[in-house]
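K.L.:
Okay, so here is my_file.txt, and as you'll see once you scroll down, it has compact mmCIF, C-alpha atoms.
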# COMPACT_ATOMS: atom_id res chain seq x y z
CA MET A 1 -6.63 -4.80 19.03
CA ILE A 2 -4.71 -1.56 18.89
CA ILE A 3 -3.25 -2.60 15.53
CA TYR A 4 -6.75 -2.78 14.01
CA ILE A 5 -7.59 0.66 15.33
CA LEU A 6 -4.39 2.12 13.85
CA THR A 7 -5.20 0.56 10.48
CA VAL A 8 -8.69 2.01 10.42
CA PHE A 9 -7.19 5.35 11.44
CA LEU A 10 -5.16 5.26 8.22
CA PHE A 11 -8.43 4.62 6.38
CA LEU A 12 -10.02 7.65 8.06
CA ILE A 13 -7.09 9.85 7.04
CA GLY A 14 -7.65 8.82 3.43
CA LEU A 15 -11.35 9.56 3.78
CA TYR A 16 -10.55 13.02 5.13
CA GLY A 17 -8.35 13.63 2.11
CA VAL A 18 -11.15 12.75 -0.31
CA ILE A 19 -13.80 14.88 1.41
CA ALA A 20 -12.05 17.98 2.65
CA LYS A 21 -9.27 18.76 0.21
CA ARG A 22 -9.55 21.00 -2.82
CA ASN A 23 -6.65 19.88 -4.94
CA LEU A 24 -7.27 17.02 -7.31
CA ILE A 25 -3.93 15.32 -6.63
CA LYS A 26 -4.67 15.25 -2.91
CA ILE A 27 -7.98 13.53 -3.65
CA VAL A 28 -6.19 10.86 -5.69
CA ILE A 29 -3.68 10.34 -2.86
CA GLY A 30 -6.60 9.94 -0.44
CA ILE A 31 -8.21 7.21 -2.55
CA ALA A 32 -4.91 5.34 -2.79
CA LEU A 33 -4.40 5.56 0.99
CA MET A 34 -7.82 3.99 1.54
CA GLU A 35 -6.88 1.09 -0.74
CA TYR A 36 -3.59 0.49 1.07
CA SER A 37 -5.23 0.42 4.47
CA VAL A 38 -7.84 -2.13 3.41
CA ASN A 39 -5.17 -4.43 1.96
CA LEU A 40 -3.20 -4.24 5.21
CA PHE A 41 -6.30 -5.00 7.25
CA LEU A 42 -7.05 -8.17 5.29
CA ILE A 43 -3.54 -9.50 5.81
CA LEU A 44 -3.58 -8.63 9.51
CA ILE A 45 -6.62 -10.81 10.08
CA GLY A 46 -4.99 -13.89 8.61
CA TYR A 47 -1.83 -13.86 10.71
CA VAL A 48 -1.05 -16.81 13.00
CA ARG A 49 1.55 -16.23 15.69
CA GLY A 50 4.54 -18.45 15.02
CA GLY A 51 3.44 -19.38 11.52
CA THR A 52 5.53 -19.31 8.36
CA ALA A 53 4.84 -18.36 4.77
CA PRO A 54 2.51 -20.86 3.04
CA ILE A 55 5.11 -22.52 0.82
CA LEU A 56 6.07 -26.16 1.12
CA THR A 57 9.82 -26.63 1.15
CA GLU A 58 11.54 -29.94 1.56
CA GLY A 59 13.07 -30.74 4.88
CA LEU A 60 10.59 -28.57 6.72
CA GLY A 61 7.86 -30.94 7.73
CA GLN A 62 4.35 -29.81 8.42
CA LYS A 63 4.65 -26.57 10.33
CA VAL A 64 1.97 -24.06 11.11
CA PHE A 65 1.11 -21.90 8.09
CA VAL A 66 -0.40 -18.47 7.95
CA ASP A 67 -3.66 -18.18 6.09
CA PRO A 68 -3.13 -18.32 2.30
CA LEU A 69 -6.63 -17.20 1.31
CA PRO A 70 -6.40 -13.47 2.13
CA GLN A 71 -2.95 -13.35 0.53
CA ALA A 72 -4.39 -14.68 -2.74
CA MET A 73 -7.14 -12.03 -2.68
CA VAL A 74 -4.85 -9.11 -1.83
CA LEU A 75 -2.32 -10.14 -4.49
CA THR A 76 -4.74 -9.21 -7.24
CA ALA A 77 -6.06 -6.20 -5.34
CA ILE A 78 -2.65 -4.51 -5.34
CA VAL A 79 -2.34 -4.61 -9.13
CA ILE A 80 -5.94 -3.41 -9.53
CA GLY A 81 -5.12 -0.48 -7.23
CA LEU A 82 -2.31 0.55 -9.55
CA ALA A 83 -4.60 0.44 -12.59
CA THR A 84 -7.23 2.55 -10.82
CA THR A 85 -4.69 5.17 -9.74
CA ALA A 86 -3.31 5.39 -13.28
CA LEU A 87 -6.81 5.93 -14.68
CA LEU A 88 -7.51 8.71 -12.15
CA LEU A 89 -4.23 10.42 -13.03
CA ALA A 90 -5.07 10.28 -16.75
CA ILE A 91 -8.36 12.06 -16.00
CA ALA A 92 -6.46 14.63 -13.90
CA ILE A 93 -4.10 15.41 -16.79
CA ARG A 94 -7.05 15.98 -19.11
CA ILE A 95 -8.70 18.31 -16.61
CA TYR A 96 -5.50 20.29 -16.23
CA LYS A 97 -5.17 20.76 -19.96
CA LYS A 98 -8.73 21.99 -20.31
CA TYR A 99 -9.01 24.28 -17.28
CA GLY A 100 -5.43 25.12 -16.38
CA THR A 101 -5.82 24.35 -12.70
CA PHE A 102 -6.23 21.44 -10.30
CA ASP A 103 -8.62 23.25 -7.98
CA ILE A 104 -12.07 21.69 -7.98
CA ARG A 105 -13.96 24.86 -7.10
CA GLU A 106 -12.67 26.66 -10.16
CA ILE A 107 -13.52 23.66 -12.31
CA LYS A 108 -17.13 24.02 -11.31
CA ASN A 109 -17.17 27.72 -12.16
CA LEU A 110 -15.69 27.67 -15.65
CA LYS A 111 -17.81 26.27 -18.40
CA GLY A 112 -16.23 25.10 -21.62
CA MET B 113 11.73 14.04 -23.29
CA LYS B 114 15.49 14.08 -23.22
CA GLY B 115 17.42 11.11 -22.01
CA MET B 116 19.74 11.03 -19.06
CA THR B 117 23.52 11.35 -18.79
CA ILE B 118 25.91 8.90 -20.34
CA ILE B 119 26.60 7.07 -17.08
CA VAL B 120 22.93 6.17 -16.74
CA LYS B 121 22.82 5.04 -20.36
CA LYS B 122 25.80 2.73 -20.02
CA VAL B 123 24.56 1.17 -16.80
CA THR B 124 21.10 0.71 -18.28
CA GLU B 125 22.49 -1.16 -21.25
CA ILE B 126 24.08 -3.68 -18.92
CA ILE B 127 21.37 -4.01 -16.31
CA CYS B 128 18.05 -3.99 -18.08
CA GLY B 129 18.69 -7.39 -19.62
CA VAL B 130 19.43 -8.84 -16.18
CA ILE B 131 16.18 -7.44 -14.79
CA PHE B 132 14.26 -8.94 -17.71
CA LEU B 133 15.78 -12.38 -17.09
CA TYR B 134 14.98 -12.10 -13.37
CA GLY B 135 11.35 -11.36 -14.18
CA ILE B 136 11.14 -14.41 -16.45
CA TYR B 137 12.70 -16.56 -13.72
CA ILE B 138 10.11 -15.47 -11.17
CA ILE B 139 7.26 -16.15 -13.60
CA VAL B 140 8.41 -19.64 -14.60
CA HIS B 141 9.15 -20.76 -11.02
CA GLY B 142 5.83 -19.42 -9.80
CA HIS B 143 4.65 -22.73 -8.41
CA LEU B 144 7.82 -23.46 -6.43
CA THR B 145 8.99 -20.20 -4.89
CA PRO B 146 7.18 -17.03 -3.87
CA GLY B 147 6.23 -14.80 -6.75
CA GLY B 148 4.15 -16.04 -9.60
CA GLY B 149 2.61 -14.32 -12.58
CA PHE B 150 1.81 -10.92 -11.05
CA ALA B 151 5.18 -10.23 -9.44
CA GLY B 152 7.13 -11.33 -12.51
CA GLY B 153 4.90 -9.33 -14.84
CA THR B 154 5.44 -6.09 -12.95
CA ILE B 155 9.20 -6.67 -12.87
CA ILE B 156 9.31 -7.10 -16.65
CA ALA B 157 7.29 -3.90 -17.07
CA GLY B 158 9.79 -2.20 -14.75
CA SER B 159 12.70 -3.15 -16.97
CA PHE B 160 11.05 -1.68 -20.07
CA ILE B 161 10.13 1.50 -18.21
CA LEU B 162 13.78 1.86 -17.17
CA LEU B 163 14.79 1.60 -20.83
CA VAL B 164 12.35 4.31 -21.90
CA LEU B 165 13.31 6.65 -19.05
CA ALA B 166 17.05 6.37 -19.59
CA PHE B 167 17.17 6.85 -23.33
CA GLY B 168 14.48 9.48 -23.80
CA SER B 169 11.45 9.46 -26.00
CA GLU B 170 13.06 11.16 -28.98
CA PHE B 171 15.35 8.22 -29.44
CA LEU B 172 12.82 5.39 -29.47
CA ALA B 173 9.84 5.02 -31.76
CA LEU B 174 7.14 5.14 -29.10
CA LYS B 175 4.06 4.87 -31.29
CA LYS B 176 5.11 1.53 -32.73
CA GLU B 177 6.01 0.19 -29.30
CA GLU B 178 2.65 1.17 -27.92
CA THR B 179 0.85 -0.58 -30.77
CA GLY B 180 2.93 -3.70 -30.19
CA SER B 181 2.28 -3.83 -26.47
CA SER B 182 -1.47 -3.40 -26.98
CA ILE B 183 -1.55 -6.35 -29.36
CA LEU B 184 0.53 -8.42 -26.91
CA GLU B 185 -1.85 -7.68 -24.04
CA SER B 186 -4.94 -8.65 -26.01
CA SER B 187 -3.39 -11.89 -27.21
CA ALA B 188 -2.20 -12.79 -23.69
CA ILE B 189 -5.67 -12.56 -22.21
CA LEU B 190 -7.02 -14.51 -25.19
CA ILE B 191 -4.54 -17.32 -24.47
CA PHE B 192 -5.69 -17.31 -20.84
CA ILE B 193 -9.32 -17.82 -21.84
CA VAL B 194 -8.45 -20.48 -24.40
CA ILE B 195 -6.55 -22.56 -21.82
CA ALA B 196 -9.45 -22.25 -19.39
CA ALA B 197 -11.94 -23.32 -22.04
CA LEU B 198 -9.75 -26.28 -23.04
CA GLY B 199 -10.18 -27.54 -19.52
CA MET B 200 -13.86 -27.73 -20.18
CA LEU B 201 -13.40 -29.89 -23.24
CA MET B 202 -10.65 -32.18 -22.08
CA GLY B 203 -11.23 -32.52 -18.38
CA GLY B 204 -13.96 -35.04 -18.73
CA VAL B 205 -16.18 -33.29 -16.23
CA GLY B 206 -17.24 -30.26 -18.21
CA ILE B 207 -16.34 -27.47 -15.78
CA PHE B 208 -14.45 -24.31 -16.67
CA PHE B 209 -10.85 -24.12 -15.34
CA VAL B 210 -10.27 -27.82 -14.74
CA ASN B 211 -6.63 -28.69 -14.17
CA PHE B 212 -6.31 -31.27 -16.90
CA LEU B 213 -2.60 -31.88 -17.42
CA PRO B 214 -0.84 -34.49 -15.25
CA LYS B 215 0.31 -33.21 -11.93
CA GLY B 216 3.67 -34.87 -11.43
CA THR B 217 5.69 -34.75 -8.25
CA ILE B 218 5.69 -31.75 -5.99
CA GLY B 219 8.84 -29.66 -6.25
CA GLN B 220 9.85 -30.37 -9.83
CA LEU B 221 9.85 -27.68 -12.46
CA ILE B 222 7.37 -29.46 -14.72
CA SER B 223 4.51 -30.22 -12.38
CA ALA B 224 1.22 -28.81 -11.21
CA GLY B 225 -0.70 -29.29 -14.44
CA VAL B 226 -1.87 -26.11 -16.15
CA ILE B 227 -0.57 -23.69 -13.51
CA PRO B 228 2.77 -22.78 -15.21
CA LEU B 229 0.90 -21.96 -18.44
CA PHE B 230 -1.50 -19.74 -16.52
CA ASN B 231 1.45 -18.02 -14.87
CA ILE B 232 3.04 -17.22 -18.22
CA ALA B 233 -0.21 -15.86 -19.68
CA VAL B 234 -0.94 -13.64 -16.66
CA GLY B 235 2.67 -12.43 -16.54
CA MET B 236 2.56 -11.35 -20.18
CA GLU B 237 -0.76 -9.63 -19.65
CA VAL B 238 0.27 -7.64 -16.60
CA ALA B 239 3.57 -6.55 -18.16
CA ALA B 240 1.93 -5.42 -21.39
CA ALA B 241 -0.86 -3.58 -19.54
CA LEU B 242 1.51 -1.55 -17.35
CA LEU B 243 3.76 -0.76 -20.30
CA THR B 244 0.78 0.42 -22.38
CA ILE B 245 -0.41 2.74 -19.62
CA PHE B 246 3.03 4.28 -19.23
CA LEU B 247 3.60 4.72 -22.96
CA ALA B 248 0.14 6.25 -23.42
CA LEU B 249 0.86 8.90 -20.78
CA LEU B 250 4.23 9.63 -22.36
CA ILE B 251 2.87 9.95 -25.91
CA TYR B 252 0.13 12.26 -24.68
CA ARG B 253 2.69 14.42 -22.99
CA ASP B 254 4.89 14.62 -26.04
CA GLU B 255 2.25 15.33 -28.64
CA VAL B 256 -0.53 17.24 -26.96
CA LEU B 257 1.03 19.20 -24.14
CA LYS B 258 3.92 20.71 -26.06
CA MET C 259 7.06 -8.37 16.71
CA GLU C 260 3.79 -6.69 17.42
CA LEU C 261 5.64 -3.70 18.83
CA LEU C 262 7.60 -3.37 15.58
CA LEU C 263 4.35 -3.42 13.59
CA ILE C 264 2.89 -0.68 15.78
CA VAL C 265 5.96 1.53 15.32
CA ILE C 266 5.86 1.13 11.54
CA LEU C 267 2.13 1.85 11.46
CA VAL C 268 2.65 5.06 13.46
CA LEU C 269 5.34 6.12 10.96
CA MET C 270 2.95 5.43 8.08
CA ILE C 271 0.21 7.49 9.71
CA GLY C 272 2.66 10.35 10.18
CA GLY C 273 3.68 10.14 6.53
CA ALA C 274 0.04 10.11 5.43
CA ILE C 275 -0.86 13.18 7.48
CA PHE C 276 2.16 15.06 6.14
CA SER C 277 1.34 14.07 2.60
CA LEU C 278 -2.14 15.52 2.80
CA GLU C 279 -1.14 18.76 4.51
CA ALA C 280 1.91 19.73 2.47
CA ARG C 281 1.83 22.91 0.38
CA ASP C 282 4.18 21.67 -2.30
CA LEU C 283 2.76 18.83 -4.37
CA LEU C 284 6.16 17.21 -4.90
CA SER C 285 6.64 16.88 -1.13
CA ALA C 286 3.19 15.34 -0.87
CA VAL C 287 4.01 12.67 -3.43
CA ILE C 288 7.34 11.81 -1.81
CA ALA C 289 5.69 11.51 1.58
CA TYR C 290 3.15 9.21 -0.03
CA GLY C 291 6.07 6.96 -0.87
CA ILE C 292 6.71 6.50 2.87
CA VAL C 293 3.33 4.84 3.25
CA GLY C 294 3.93 2.51 0.33
CA PHE C 295 7.36 1.35 1.37
CA GLY C 296 6.35 1.00 5.03
CA LEU C 297 3.65 -1.34 3.75
CA VAL C 298 6.37 -3.52 2.18
CA ILE C 299 8.04 -3.98 5.58
CA CYS C 300 4.67 -4.79 7.13
CA PHE C 301 4.02 -7.47 4.51
CA LEU C 302 7.42 -9.05 5.17
CA LEU C 303 6.82 -9.11 8.92
CA LEU C 304 3.44 -10.77 8.35
CA GLN C 305 5.04 -13.64 6.38
CA ALA C 306 3.71 -12.73 2.92
CA PRO C 307 6.66 -12.62 0.48
CA ASP C 308 4.59 -12.64 -2.75
CA LEU C 309 2.81 -9.48 -1.71
CA ALA C 310 6.03 -7.70 -0.76
CA LEU C 311 7.48 -8.36 -4.24
CA VAL C 312 4.40 -7.00 -5.99
CA GLN C 313 4.00 -4.01 -3.67
CA ILE C 314 7.58 -2.78 -4.10
CA VAL C 315 7.42 -2.64 -7.89
CA VAL C 316 3.87 -1.25 -7.96
CA GLU C 317 4.80 1.53 -5.55
CA THR C 318 7.82 2.52 -7.65
CA ILE C 319 5.73 2.69 -10.83
CA THR C 320 3.03 4.73 -9.07
CA LEU C 321 5.61 7.23 -7.83
CA ILE C 322 7.08 7.57 -11.34
CA ILE C 323 3.68 8.27 -12.90
CA MET C 324 2.69 10.75 -10.19
CA ILE C 325 5.94 12.72 -10.43
CA ALA C 326 5.60 12.83 -14.22
CA VAL C 327 2.07 14.22 -13.90
CA ILE C 328 3.11 16.85 -11.36
CA LEU C 329 6.22 18.08 -13.14
CA ASN C 330 4.22 18.73 -16.29
CA SER C 331 1.66 20.91 -14.56
CA THR C 332 1.51 23.11 -11.53
CA ARG C 333 3.52 22.33 -8.47
CA GLU C 334 1.87 24.14 -5.64
CA GLU C 335 -1.53 24.19 -4.07
CA LYS C 336 -3.26 27.51 -3.91
CA GLU C 337 -4.58 28.36 -0.48
CA HIS C 338 -7.47 30.75 -0.68
CA GLY C 339 -7.74 31.19 3.04
CA LYS C 340 -9.73 29.23 5.53
CA GLY C 341 -13.21 30.20 4.43
CA LYS C 342 -16.19 29.50 6.59
CA ARG C 343 -14.69 26.81 8.80
CA SER C 344 -17.11 27.05 11.68
CA VAL C 345 -17.08 25.20 14.96
CA VAL C 346 -20.13 23.11 14.01
CA PHE C 347 -18.20 21.30 11.28
CA VAL C 348 -15.38 20.42 13.64
CA ILE C 349 -17.79 19.09 16.23
CA PHE C 350 -19.60 17.02 13.61
CA ALA C 351 -16.29 15.61 12.41
CA PHE C 352 -15.29 14.52 15.90
CA VAL C 353 -18.70 12.97 16.58
CA PHE C 354 -18.49 11.03 13.32
CA ILE C 355 -15.00 9.76 14.12
CA GLY C 356 -16.06 8.76 17.62
CA LEU C 357 -19.09 6.82 16.39
CA PHE C 358 -17.06 5.12 13.67
CA LEU C 359 -14.38 3.95 16.09
CA TYR C 360 -16.94 2.77 18.63
CA PHE C 361 -18.86 0.65 16.15
CA PHE C 362 -15.64 -0.64 14.65
CA ASN C 363 -14.51 -1.76 18.11
CA ARG C 364 -17.80 -3.56 18.66
CA THR C 365 -17.61 -5.36 15.33
CA THR C 366 -14.03 -6.49 15.62
CA SER C 367 -14.43 -7.75 19.15
CA THR C 368 -16.11 -10.80 17.61
CA LEU C 369 -12.96 -11.43 15.58
CA SER C 370 -10.14 -13.34 17.18
CA VAL C 371 -7.33 -11.56 18.96
CA PHE C 372 -4.51 -10.55 16.63
CA GLY C 373 -2.35 -13.60 16.10
CA GLU C 374 -4.73 -16.40 16.97
CA HIS C 375 -6.59 -17.04 13.79
CA MET C 376 -9.16 -19.80 13.86
CA MET C 377 -8.56 -20.97 10.29
CA ARG C 378 -11.85 -22.78 10.02
CA MET C 379 -12.15 -22.40 6.27
CA SER C 380 -8.50 -22.46 5.46
CA LYS C 381 -7.98 -25.99 6.76
CA ALA C 382 -10.05 -27.23 3.81
CA TYR C 383 -7.61 -25.47 1.48
CA ILE C 384 -4.33 -26.36 3.19
CA GLN C 385 -4.89 -30.05 3.85
CA PRO C 386 -5.45 -31.22 0.26
CA GLY C 387 -3.64 -28.18 -1.11
CA ALA C 388 -0.31 -29.61 -2.20
CA GLU C 389 -1.55 -32.94 -3.60
CA GLY C 390 -4.74 -31.52 -5.03
CA THR C 391 -3.13 -28.89 -7.20
CA GLY C 392 0.40 -30.26 -7.40
CA SER C 393 2.17 -26.99 -6.65
CA ALA C 394 4.43 -26.29 -3.72
CA ASN C 395 3.37 -22.66 -3.49
CA LEU C 396 -0.04 -22.73 -1.81
CA VAL C 397 -0.91 -19.14 -2.72
CA THR C 398 -0.39 -19.83 -6.44
CA GLY C 399 -2.44 -23.00 -6.14
CA VAL C 400 -5.30 -21.10 -4.55
CA ILE C 401 -5.16 -18.31 -7.14
CA PHE C 402 -5.15 -20.44 -10.27
CA ASP C 403 -6.86 -23.66 -9.27
CA TYR C 404 -9.36 -23.17 -6.48
CA ARG C 405 -10.16 -19.51 -7.26
CA GLY C 406 -9.63 -19.31 -11.00
CA TYR C 407 -12.65 -17.10 -11.69
CA ASP C 408 -11.32 -14.34 -9.47
CA THR C 409 -8.09 -14.26 -11.48
CA LEU C 410 -10.13 -14.02 -14.68
CA GLY C 411 -12.02 -11.09 -13.15
CA GLU C 412 -8.77 -9.37 -12.25
CA ALA C 413 -7.42 -9.77 -15.78
CA THR C 414 -10.64 -8.25 -17.11
CA ILE C 415 -10.39 -5.26 -14.79
CA LEU C 416 -6.78 -4.62 -15.81
CA PHE C 417 -7.76 -4.80 -19.48
CA THR C 418 -10.67 -2.40 -18.94
CA ALA C 419 -8.45 0.09 -17.11
CA VAL C 420 -5.99 0.14 -20.02
CA ILE C 421 -8.85 0.73 -22.47
CA GLY C 422 -10.10 3.50 -20.20
CA VAL C 423 -6.72 5.26 -20.15
CA LEU C 424 -6.39 5.05 -23.93
CA THR C 425 -9.91 6.44 -24.39
CA VAL C 426 -9.61 9.30 -21.89
CA LEU C 427 -6.36 10.47 -23.45
CA ARG C 428 -7.95 10.18 -26.89
CA LEU C 429 -5.15 8.26 -28.47
CA ARG C 430 -7.51 5.88 -30.23
CA GLY C 431 -10.77 6.41 -31.95
CA ARG C 432 -10.03 9.87 -33.20
CA LYS C 433 -11.05 10.28 -36.80
CA GLU C 434 -8.72 12.31 -38.98
CA GLN C 435 -9.92 15.88 -38.70
CA GLY C 436 -7.68 17.23 -41.38
CA LYS C 437 -4.80 18.80 -39.46
Show the structure stored in the file as structure tokens.
P.N.:
Amino acid sequence: MIIYILTVFLFLIGLYGVIAKRNLIKIVIGIALMEYSVNLFLILIGYVRGGTAPILTEGLGQKVFVDPLPQAMVLTAIVIGLATTALLLAIAIRIYKKYGTFDIREIKNLKG
Amino acid sequence: MKGMTIIVKKVTEIICGVIFLYGIYIIVHGHLTPGGGFAGGTIIAGSFILLVLAFGSEFLALKKEETGSSILESSAILIFIVIAALGMLMGGVGIFFVNFLPKGTIGQLISAGVIPLFNIAVGMEVAAALLTIFLALLIYRDEVLK
Amino acid sequence: MELLLIVILVLMIGGAIFSLEARDLLSAVIAYGIVGFGLVICFLLLQAPDLALVQIVVETITLIIMIAVILNSTREEKEHGKGKRSVVFVIFAFVFIGLFLYFFNRTTSTLSVFGEHMMRMSKAYIQPGAEGTGSANLVTGVIFDYRGYDTLGEATILFTAVIGVLTVLRLRGRKEQGK
């Protein structure tokens, strides 16, 4: 149970980064931390004590497998996380070129 | 962007072909060993990114490479959809994504129906997508920020 | 094994806190790498080798892109002083965290204890898994045969993200404005 609480604590740290920080790069790091913690949580649920990876090899017999369904879902989620982070960083580069700063309070003040 | 020192260039010439072959091996054996389309695709993208970082962007023609990788990504996802739609025509049941090739014995390289073809299509798509993103950021940096 | 997971999670939390509180942006990005690579060790300990392969390469590419973005722009975060950080905000933050953790504890107490998964739904995928799809790797069989639509959705999202990056950076679709 304490492992679940530590994982959701990582999620809360990411949430703090999105809400309370002023630098745009710190906000992007916060969003990525939230994605990592959710992926870890999904894999933690599907773990069976004493199980092996869900791959059939010859000479092994029918052992106890860990759950393959959350692994299939998280496998695509990791690559989608990379695409989302790259898109956010492209937007950050454009904002830096236009305003000269990464600070979100100064971005609200300047117009055009 | 300047390239790196001559030691990095020599080592990259030797190693980036080995990384590319390793990525292809992981894609093709996706139904036997851990890995599959996504892992192999990112490894292939990694080998191309190593090439671009070591030799610098003045040395390679980046605009043509970026056009080529965009076309490759679009055609890879088109192949994916065509294979899925073929399952509808040839499966006999009329559902999308039916596994219609013969399944063979478990553990051989040619088995599991359509799954190796799906692996290859997804691997090409993921590699081309990551390479396009990286090259787009690099071209923007070279042309607009300087 | 559980003790090892707890130690690695505490290290990741320490790296995350340092990454958000650092003054220099380069230190923040390198500390963010601690979280990513600690996640690789966690995936290996939880018997998921496919995910560890993908996560290692994805984390390296993310670090490369972030360092490239930072080295072409500013490198430090300007601190304009603390501002109006009153006590009420701090109390509200602690109350919110307390409520969140309490309700989270109540919801996950209906889940099984860590390590004893019931696998009600997964038995229907594991039993006919190898003969039904013909592949020895059950995760690949689930991705491409039983859950093919989700893979199509993922390919679409990746494609849309690439189009988004090309549009935001204005590399396509710009008419010739007579330079």
K.L.:
Using all atoms listed in the file, which protein or nucleic acid residues come within 9 Å of Gly149 in chain B? Drop anything in the same chain fewer than 5 positions from it, and give the result as a list in words.
P.N.:
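Selected residues are Ile138, Ile139, Val140, Gly142, Thr154, Pro228, Phe230, Asn231, Ile232, Ala233, Val234, Gly235, Met236 and Val238 of chain B; Thr398 of chain C.
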K.L.:
Please identify every residue of chain A that has at least one atom no farther than 12 Å from an atom of chain B, counting only C-alpha atoms, and for each give the shortest atom pair and the distance in Å to one decimal, arranged by chain then increasing number, as a Markdown table.
P.N.:
| residue | atom | partner | partner_atom | distance |
| --- | --- | --- | --- | --- |
| A:Ala53 | CA | B:Pro146 | CA | 9.0 |
| A:Pro54 | CA | B:Pro146 | CA | 9.2 |
| A:Ile55 | CA | B:Thr145 | CA | 7.3 |
| A:Leu56 | CA | B:Leu144 | CA | 8.2 |
| A:Thr57 | CA | B:Gly219 | CA | 8.1 |
| A:Glu58 | CA | B:Gly219 | CA | 8.3 |
| A:Gly59 | CA | B:Gly219 | CA | 12.0 |
| A:Gln71 | CA | B:Pro146 | CA | 11.6 |
| A:Ala72 | CA | B:Phe150 | CA | 11.0 |
| A:Val74 | CA | B:Phe150 | CA | 11.5 |
| A:Leu75 | CA | B:Phe150 | CA | 7.8 |
| A:Thr76 | CA | B:Phe150 | CA | 7.8 |
| A:Ala77 | CA | B:Phe150 | CA | 10.8 |
| A:Ile78 | CA | B:Phe150 | CA | 9.7 |
| A:Val79 | CA | B:Phe150 | CA | 7.8 |
| A:Ile80 | CA | B:Val238 | CA | 10.3 |
| A:Leu82 | CA | B:Leu242 | CA | 8.9 |
| A:Ala83 | CA | B:Leu242 | CA | 8.0 |
| A:Thr84 | CA | B:Ile245 | CA | 11.1 |
| A:Thr85 | CA | B:Ile245 | CA | 11.0 |
| A:Ala86 | CA | B:Ile245 | CA | 7.5 |
| A:Leu87 | CA | B:Ile245 | CA | 8.7 |
| A:Leu88 | CA | B:Ile245 | CA | 11.9 |
| A:Leu89 | CA | B:Leu249 | CA | 9.4 |
| A:Ala90 | CA | B:Leu249 | CA | 7.3 |
| A:Ile91 | CA | B:Leu249 | CA | 10.9 |
| A:Ala92 | CA | B:Leu249 | CA | 11.6 |
| A:Ile93 | CA | B:Leu249 | CA | 9.1 |
| A:Arg94 | CA | B:Tyr252 | CA | 9.8 |
| A:Tyr96 | CA | B:Leu257 | CA | 10.3 |
| A:Lys97 | CA | B:Leu257 | CA | 7.6 |
| A:Lys98 | CA | B:Leu257 | CA | 10.8 |
| A:Gly100 | CA | B:Leu257 | CA | 11.7 |
K.L.:
Rounded to one decimal, what separation in Å do you get between CA of Glu334 in chain C and CA of Thr101 in chain A?
P.N.:
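Atom-to-atom, CA of Glu334 in chain C to CA of Thr101 in chain A, that is 10.4 Å.
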K.L.:
Show me, as a ChimeraX atom specification, the residues of chain C whose atoms get within 8 Å of chain A, using all atoms listed in the file for the distance check.
P.N.:
/C:263-264,267-268,271,274-275,278,283,290,294,297,301,304-309,312-313,316,320,323-324,327,331-332,335-336,359,363,371-375,377,380,388,394-398,400-401,409,412,415-416,419-420,422-423,426-427
K.L.:
Put those residues in a file: C-alpha atoms, as a compact mmCIF listing (two decimals), in the coordinates of the input.
P.N.:
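This is the output file part.txt:
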# COMPACT_ATOMS: atom_id res chain seq x y z
CA LEU C 263 4.35 -3.42 13.59
CA ILE C 264 2.89 -0.68 15.78
CA LEU C 267 2.13 1.85 11.46
CA VAL C 268 2.65 5.06 13.46
CA ILE C 271 0.21 7.49 9.71
CA ALA C 274 0.04 10.11 5.43
CA ILE C 275 -0.86 13.18 7.48
CA LEU C 278 -2.14 15.52 2.80
CA LEU C 283 2.76 18.83 -4.37
CA TYR C 290 3.15 9.21 -0.03
CA GLY C 294 3.93 2.51 0.33
CA LEU C 297 3.65 -1.34 3.75
CA PHE C 301 4.02 -7.47 4.51
CA LEU C 304 3.44 -10.77 8.35
CA GLN C 305 5.04 -13.64 6.38
CA ALA C 306 3.71 -12.73 2.92
CA PRO C 307 6.66 -12.62 0.48
CA ASP C 308 4.59 -12.64 -2.75
CA LEU C 309 2.81 -9.48 -1.71
CA VAL C 312 4.40 -7.00 -5.99
CA GLN C 313 4.00 -4.01 -3.67
CA VAL C 316 3.87 -1.25 -7.96
CA THR C 320 3.03 4.73 -9.07
CA ILE C 323 3.68 8.27 -12.90
CA MET C 324 2.69 10.75 -10.19
CA VAL C 327 2.07 14.22 -13.90
CA SER C 331 1.66 20.91 -14.56
CA THR C 332 1.51 23.11 -11.53
CA GLU C 335 -1.53 24.19 -4.07
CA LYS C 336 -3.26 27.51 -3.91
CA LEU C 359 -14.38 3.95 16.09
CA ASN C 363 -14.51 -1.76 18.11
CA VAL C 371 -7.33 -11.56 18.96
CA PHE C 372 -4.51 -10.55 16.63
CA GLY C 373 -2.35 -13.60 16.10
CA GLU C 374 -4.73 -16.40 16.97
CA HIS C 375 -6.59 -17.04 13.79
CA MET C 377 -8.56 -20.97 10.29
CA SER C 380 -8.50 -22.46 5.46
CA ALA C 388 -0.31 -29.61 -2.20
CA ALA C 394 4.43 -26.29 -3.72
CA ASN C 395 3.37 -22.66 -3.49
CA LEU C 396 -0.04 -22.73 -1.81
CA VAL C 397 -0.91 -19.14 -2.72
CA THR C 398 -0.39 -19.83 -6.44
CA VAL C 400 -5.30 -21.10 -4.55
CA ILE C 401 -5.16 -18.31 -7.14
CA THR C 409 -8.09 -14.26 -11.48
CA GLU C 412 -8.77 -9.37 -12.25
CA ILE C 415 -10.39 -5.26 -14.79
CA LEU C 416 -6.78 -4.62 -15.81
CA ALA C 419 -8.45 0.09 -17.11
CA VAL C 420 -5.99 0.14 -20.02
CA GLY C 422 -10.10 3.50 -20.20
CA VAL C 423 -6.72 5.26 -20.15
CA VAL C 426 -9.61 9.30 -21.89
CA LEU C 427 -6.36 10.47 -23.45
